[in-house]
Structures are given as structure tokens and as C-alpha cells.
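Trainee: Questions regarding the structure given below will be posed in turn.
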Amino acid sequence: MMSRGLHYFVVLLGCLLLSACSAVSYQQQREVNQLVDAGYSQTRITLEDGGTLSYWQVGQGEAKPTLLLVHGFGGDAQSSWQQVMLNLAHDYHIIAPDLAWFGQSYSHGEANLATQTQLMQELLDHLAITSVNLVGISYGGFVSFDLMVKDARVEKAVILASPAYLFSDAELAKLSQRFAVESPEAIFVPQNKAEMRHLLAGTFDNFPWYPGFIDEQIYQRYFAQWQPQKRRLIQTLPQHRDQIANDVELSQLPETLLIWGENDKVFPLSAGLALADTIKAPIVVIPDAPHGISNEYPEIVTRAIKEFIP
């Protein structure tokens with residue numbers, strides 16, 4: 001459910017030549033500069049519960065379809081969607097928030113899926129959005145599906161590598177077995193840099209080699225903060241899965257496109273095919289691709305979005 005791709009370490013070697021340089025901070029600032037150059041701005045709003053929600057935006061006030069990009073577990077808007085955001089900047093009004101307890105966002109509400117959905121609605125209200133298209137990956141796909149069920153403003157949705165409410169307790173147990181841990185939260189909320197590296201190895205196919213000390217920088221930047229809340233987000237998913245299953249009316253769902261990696265180790269392709277059959281949605285299958293498709297295959301993801309939401 002996390003996200004981080006190959007572009008992350010393209011310029012690390014230059015940074016490593018500088019003593020006391022944080023390679024992760026260096027690359028993050030480079031990506032920020034790219035987004036700003038493409039017209040994006042980053043803004044924070046104070047939430048009704050007193051927390052803070054940070055989001056990127058471009059194309060506001062223009063006659064373009066609005067896309068809400070919802071990231072997955074372990075990253076934030078920038079790290080999950082960087083290249084996709086750049087690819088889509090000229091064609092859409094893009095809103096890319098950091099979910100609560102990720103990136104620069106946090107909430108004083110309960111750490112669960114319902115809170116995440118509520119905060120997305122609060123952001124849409126703040127921006128006076130009357131019609132929106134969703135693009136969500138992994139955990140962000142759960143949030144997006146919940147929003148599809150609850151909010152009539154959703155026109156279309158693109159779900160990447162996320163089975164919505166079609167995952168059982170038995171399938172969660174199999175997920176833990178694939179990663180050789182006791183529970184899903186042990187996968188997605190690593191306690192140290194070694195556990196984080198284990199997560200990355202199961203999420204990406206072509207994650208590049210880099211010096212081991214950078215693991216600690218990545219861990220501190222993306223995984224060390226808000227750990228109790230992140231564990232609760234995973235632990236409470238089955239409860240909210242059951243609630244969505246009770247609430248969903250398949251005939252009322254907006255038109256949806258699925259995108260999946262053929263070799264997804266987190267949510268196998270069989271889960272995507274089952275969801276596609278249940279909600280009568282087309283599915284784009286990326287050959288040989290792992291779970292982190294927004295990072296490893298941003299061009300395919302971009303093309304699919306543009307064709308589905310012209």
C-alpha cells in the first residue's frame with residue numbers, strides 16, 4: 001500500500017558527494033521544484049477538527065476536469081504521484097492531498113478510513129468543487145471507493161491496485177504470509193529500516209541499489225512518524241470494508257476504470273479481476289508489473305487516465 005519509484009534516486013550520487021547531506025531531502029526538494037515549475041502550488045488548510053491538510057493543486061479556475069489524486073500507504077502525494085502529476089498538469093485541474101498522518105497532514109479524528117473520506121470531502125467543500133474525478137492507488141483506492149459510495153459529486157473513478165471492499169480476512173492472512181509477517185500492519189508500518197526495505201522489495205520490481213545508510217533517511221522521512229495512527233488505519237480496514245459492503249449500491253456507482261499490475265504481490269491480479277467483474281468495470285493489466293505502478297509505470301497510468309477522463 002505504499003508508494004515510491006525509480007525516479008526517487010536519480011540524482012543521489014551528486015548529493016552523496018556533499019558531507020552531511022540528506023540524500024532524501026535533496027531529492028525531495030528537486031521534485032518540489034519540478035512541480036512548482038509545472039505550475040503547482042502547495043497549500044495547507046486547517047481542518048474542522050483542528051488538524052492540518054496539505055495538498056498540491058494546479059489548473060484551478062480553468063475549464064478542465066477536476067482530478068483528485070489519492071495516494072497509497074507509506075508515501076504522500078508528491079512521492080506517489082510525482083511523474084503522473086507532471087504528465088497531467090496541462091490537461092486537468094489537479095488536487096493531490098496528503099492523507100491524514102502522511103506527509104504534512106494530520107487529524108485529531110479517529111485513525112480510520114471514514115476519517116480519511118471525511119477529510120477528502122472537507123477539502124472538496126473548501127475548494128467549492130461540485131464535480132470531481134477520482135484517481136486512487138492501493139490504500140488511496142479504499143478511500144476513493146468509499147468516497148464513490150458516499151459522495152454524489154464523483155463523476156468517474158480510476159482505481160489502481162486496490163480491491164475496494166472485496167477482500168476477506170482469509171486474504172489478509174495470505175497477504176501476511178506472502179510477506180512472512182504476522183499481520184498486515186507489520187508489513188505497512190515498518191518499525192525500522194530493515195523492515196522498510198522488506199516492504200520496498202515486495203512492492204517494486206526494479207527498486208535501485210543505493211548505499212545502506214540512505215535506508216534510515218527514507219525510514220525517518222516516510223515511516224517513523226504517526227506510527228500508532230498508521231497501525232490503526234490498517235487494523236480498522238476490515239470494519240470499514242464491512243460497512244462499505246452494506247452501503248454500496250452497485251447500480252449507483254460512477255463509471256470506473258481499474259489498473260493493475262500483473263505481478264502485484266500486495267493485492268494479486270485475481271482481486272482486480274474479481275472487482276472488475278463485480279462492478280462491471282474495464283481493467284488495464286500492466287504485464288509483469290508489481291504493486292507500485294504509479295511510480296514504475298507512470299506513462300501507462302497517465303495514458304489510461306487521459307483516455308478514460310478526456
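Each chain of the C-alpha cells is named A, B, ... in the order shown, its residues numbered from 1; ligands are numbered from 1 in display order.
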Where in region 30-90 of chain A does DSSP assign helix (DSSP H, G or I), given as a PyMOL selection string?
Mentor: chain A and resi 30-37+77-88
Trainee: Could you pull out the strand (DSSP E) residues of region 78-175 of chain A, going by DSSP on the backbone, and write them as an MDAnalysis selection string?
Mentor: chainID A and resid 93:97 132:137 154:160
Trainee: Please, could you write that set of residues out with N, CA and C atoms as a compact mmCIF listing (two decimals), in the first residue's frame?
Mentor:
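For reference, selection_13.txt as written:
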```txt
# COMPACT_ATOMS: atom_id res chain seq x y z
N HIS A 93 -7.55 20.08 -13.85
CA HIS A 93 -7.42 20.72 -12.55
C HIS A 93 -7.07 19.61 -11.58
N ILE A 94 -5.84 19.58 -11.10
CA ILE A 94 -5.34 18.51 -10.24
C ILE A 94 -5.35 18.96 -8.79
N ILE A 95 -5.88 18.10 -7.93
CA ILE A 95 -5.79 18.27 -6.48
C ILE A 95 -5.15 17.00 -5.93
N ALA A 96 -4.01 17.13 -5.28
CA ALA A 96 -3.28 15.96 -4.79
C ALA A 96 -2.96 16.16 -3.31
N PRO A 97 -3.82 15.68 -2.40
CA PRO A 97 -3.61 15.89 -0.97
C PRO A 97 -2.71 14.83 -0.34
N VAL A 132 -16.10 16.01 -9.44
CA VAL A 132 -14.72 15.58 -9.30
C VAL A 132 -14.56 14.16 -9.84
N ASN A 133 -13.40 13.88 -10.38
CA ASN A 133 -13.00 12.54 -10.79
C ASN A 133 -11.90 12.06 -9.85
N LEU A 134 -11.95 10.81 -9.47
CA LEU A 134 -11.02 10.25 -8.50
C LEU A 134 -9.98 9.37 -9.16
N VAL A 135 -8.75 9.45 -8.65
CA VAL A 135 -7.70 8.51 -9.03
C VAL A 135 -7.02 8.09 -7.73
N GLY A 136 -7.20 6.84 -7.33
CA GLY A 136 -6.65 6.38 -6.06
C GLY A 136 -5.87 5.09 -6.22
N ILE A 137 -4.75 4.99 -5.52
CA ILE A 137 -3.92 3.80 -5.59
C ILE A 137 -3.85 3.12 -4.23
N VAL A 154 -18.84 12.71 -7.33
CA VAL A 154 -17.87 11.90 -8.08
C VAL A 154 -18.46 11.53 -9.44
N GLU A 155 -17.77 11.94 -10.50
CA GLU A 155 -18.20 11.66 -11.87
C GLU A 155 -17.64 10.34 -12.38
N LYS A 156 -16.33 10.19 -12.28
CA LYS A 156 -15.66 8.96 -12.71
C LYS A 156 -14.56 8.64 -11.71
N ALA A 157 -14.11 7.38 -11.74
CA ALA A 157 -13.04 6.98 -10.83
C ALA A 157 -12.08 6.03 -11.53
N VAL A 158 -10.81 6.20 -11.21
CA VAL A 158 -9.76 5.28 -11.67
C VAL A 158 -9.13 4.69 -10.42
N ILE A 159 -9.23 3.39 -10.26
CA ILE A 159 -8.71 2.70 -9.08
C ILE A 159 -7.51 1.86 -9.48
N LEU A 160 -6.37 2.11 -8.84
CA LEU A 160 -5.13 1.39 -9.12
C LEU A 160 -4.84 0.42 -7.97
```
Trainee: In Å, how far is it from CA of Arg232 (chain A) to CA of Gln191 (chain A)?
Mentor: 14.6 Å
Trainee: Would you pick out the contacts of Gly39 (chain A) at 9 Å or less, using only C-alpha atoms, so that residues sharing its chain but fewer than 5 positions from it are not included, and give the list as a PyMOL selection string?
Mentor: chain A and resi 34+57-59+89-90
Trainee: Output C-alpha atoms for every residue in that selection, as a CSV table (one decimal), in the first residue's frame.
Mentor:
```csv
chain,number,residue,atom,x,y,z
A,34,GLN,CA,9.7,20.3,-10.7
A,57,GLN,CA,-3.0,22.0,-6.9
A,58,VAL,CA,-2.7,23.1,-10.4
A,59,GLY,CA,-5.2,24.3,-13.0
A,89,ALA,CA,-0.6,19.2,-15.2
A,90,HIS,CA,-1.7,20.9,-18.5
```
Trainee: Mind dumping a table of every region 160-259 of chain A residue within 9 Å of region 111-124 of chain A, with the nearest atom pair and its distance in Å to one decimal, using only C-alpha atoms, sorted by chain and rising number, as a Markdown table?
Mentor:
```
| residue | atom | partner | partner_atom | distance |
| --- | --- | --- | --- | --- |
| A:Pro228 | CA | A:Ala111 | CA | 8.8 |
| A:Gln229 | CA | A:Ala111 | CA | 5.4 |
| A:Lys230 | CA | A:Ala111 | CA | 7.3 |
| A:Arg231 | CA | A:Ala111 | CA | 8.6 |
| A:Arg232 | CA | A:Ala111 | CA | 5.8 |
| A:Leu233 | CA | A:Asn112 | CA | 4.7 |
| A:Ile234 | CA | A:Asn112 | CA | 7.9 |
| A:Gln235 | CA | A:Asn112 | CA | 8.5 |
| A:Thr236 | CA | A:Asn112 | CA | 6.1 |
| A:Leu237 | CA | A:Leu113 | CA | 6.8 |
| A:His240 | CA | A:Leu113 | CA | 6.7 |
```
Trainee: For Phe142 (chain A), please output as a list in words all residues within 8 Å (counting only C-alpha atoms; exclusion window: fewer than 2 positions along the same chain).
Mentor: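 Close residues of Phe142 (chain A): Leu113, Gly136, Ser138, Tyr139, Gly140, Ser144, Phe145, Asp146, Ser162, Pro163, Ala164 and Tyr165 of chain A.
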Trainee: For C-alpha atoms, I'd like the residues from the last selection saved as a PDB file, in the first residue's frame.
Mentor:
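Okay, result05.pdb is ready:
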```pdb
ATOM      1  CA  LEU A 113     -10.972   5.038   6.637  1.00  0.00           C
ATOM      2  CA  GLY A 136      -6.648   6.380  -6.056  1.00  0.00           C
ATOM      3  CA  SER A 138      -3.827   0.975  -3.020  1.00  0.00           C
ATOM      4  CA  TYR A 139      -4.935   2.414   0.350  1.00  0.00           C
ATOM      5  CA  GLY A 140      -5.942   5.521  -1.576  1.00  0.00           C
ATOM      6  CA  SER A 144     -11.606   6.639  -3.265  1.00  0.00           C
ATOM      7  CA  PHE A 145     -14.119   3.793  -3.334  1.00  0.00           C
ATOM      8  CA  ASP A 146     -15.625   4.914  -0.040  1.00  0.00           C
ATOM      9  CA  SER A 162      -6.986  -1.739  -4.724  1.00  0.00           C
ATOM     10  CA  PRO A 163      -9.796  -4.296  -4.263  1.00  0.00           C
ATOM     11  CA  ALA A 164     -12.278  -1.849  -2.652  1.00  0.00           C
ATOM     12  CA  TYR A 165     -14.392  -3.940  -0.283  1.00  0.00           C
TER      13      TYR A 165
END
```
Trainee: Using only C-alpha atoms, which residues sit within 10 Å of Tyr297 (chain A) once same-chain residues fewer than 3 positions away are excluded, as a short mmCIF file (atom, residue, chain, number, x, y, z; two decimals) with C-alpha atoms, in the first residue's frame?
Mentor:
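Written output follows (around_17.cif):
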```cif
data_model
loop_
_atom_site.label_atom_id
_atom_site.label_comp_id
_atom_site.auth_asym_id
_atom_site.auth_seq_id
_atom_site.Cartn_x
_atom_site.Cartn_y
_atom_site.Cartn_z
CA GLY A 5 9.52 4.70 -7.53
CA LEU A 6 12.61 4.58 -9.56
CA GLN A 83 5.56 11.94 -12.57
CA VAL A 84 1.82 11.43 -13.06
CA GLY A 261 0.00 -4.92 -12.17
CA ILE A 286 0.23 -3.95 -16.95
CA ALA A 289 4.19 -5.03 -13.14
CA PRO A 290 4.30 -5.03 -9.31
CA GLY A 292 3.74 0.33 -7.16
CA ILE A 293 2.52 1.07 -10.66
CA SER A 294 2.08 4.83 -10.28
CA ILE A 300 0.87 3.85 -18.85
CA VAL A 301 -1.13 5.17 -15.89
CA THR A 302 -1.20 8.67 -17.41
#
```
Trainee: Excluding same-chain residues fewer than 6 positions from region 169-175 of chain A, what lies within 10 Å of it counting only C-alpha atoms, as a list in words?
Mentor: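 Near region 169-175 of chain A, the qualifying residues are Val181, Glu182, Ser183, Pro184, Ile187, Pro238, Lys265, Val266, Phe267, Pro268 and Ala271 of chain A.
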Trainee: Can you work out which one of A:Asn295, A:Val189, A:Ser168, A:Asp49 has the shortest atom-to-atom distance to Glu110 (chain A), counting only C-alpha atoms?
Mentor: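 For Glu110 (chain A), the nearest of the given residues is A:Asp49.
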Trainee: With distances taken over only C-alpha atoms, which residue among A:Arg153, A:Arg241, A:His108, A:Lys193 lies nearest Leu68 (chain A)?
Mentor: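 Counting only C-alpha atoms, the residue closest to Leu68 (chain A) is A:Arg153.
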Trainee: Can you tell me how far CA of Phe204 (chain A) sits from CA of Val36 (chain A), in Å to one decimal?
Mentor: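 So the two atoms, CA of Phe204 (chain A) and CA of Val36 (chain A), lie 27.3 Å apart.
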Trainee: Which region 87-158 of chain A residues have any atom within 8 Å of an atom of region 207-225 of chain A, and for each, what is the nearest pair of atoms with distance in Å to one decimal, counting only C-alpha atoms, rows sorted by chain and number, as CSV?
Mentor:
```
residue,atom,partner,partner_atom,distance
A:Trp101,CA,A:Gln225,CA,7.9
A:Phe102,CA,A:Tyr222,CA,7.6
A:Gly103,CA,A:Tyr222,CA,7.3
```
